[in-house]
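The structure appears below as structure tokens.
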Amino acid sequence: ANRARKMSRPIQRVRKSWMQSLRQAPASFIKGRNSRSSSRVSTGANTEVTHMLLYLCHSTFAGREGANLADEVRKAMSVGLELMLVHESDPERGGCDFGRFFETTPQDLILDGLYKTIATPFPSYPHRAASYAQLARGLGATKVGTL
């Protein structure tokens, strides 16, 4: 549990930064769909928010922080951001069976299609590296060469 709390602090900072950028973006900056079917939200700092990464683990949507996260997901869905779901399946890192999320996720998010997107599984090593590559590709990365 202590390890999960330590890991969640950086995630909390990213969430806070992301939400601050999203809140500061006026509705007029929300652009139409791009070729990858995601909206872009300008933050006014020569950057655009195009995706929300949702890290799904045992503690996702639990407690007060989980309720805050659910609000952030609702906001992202309402402006049409593409959600990238990552399913932590390594028990050493707070992983759990995917079925747990149907018990802990607020019903309105499930009904609004949160899980229509297939989550990228994040298993334990050595298979985890393939998951990083799959996630990067989903975020628009392209292969530029080999080492």
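Ligands are numbered from 1 in the order shown, residues from 1 within each chain, and chains are lettered A, B, ... in the order they appear in the structure tokens.
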
- Can you pull out every residue within 7 Å of segment 79-94 of chain A, counting only C-alpha atoms, but drop anything in the same chain fewer than 4 positions away, and send it as a PyMOL selection string? chain A and resi 4+38-40+50-58+75+119-124
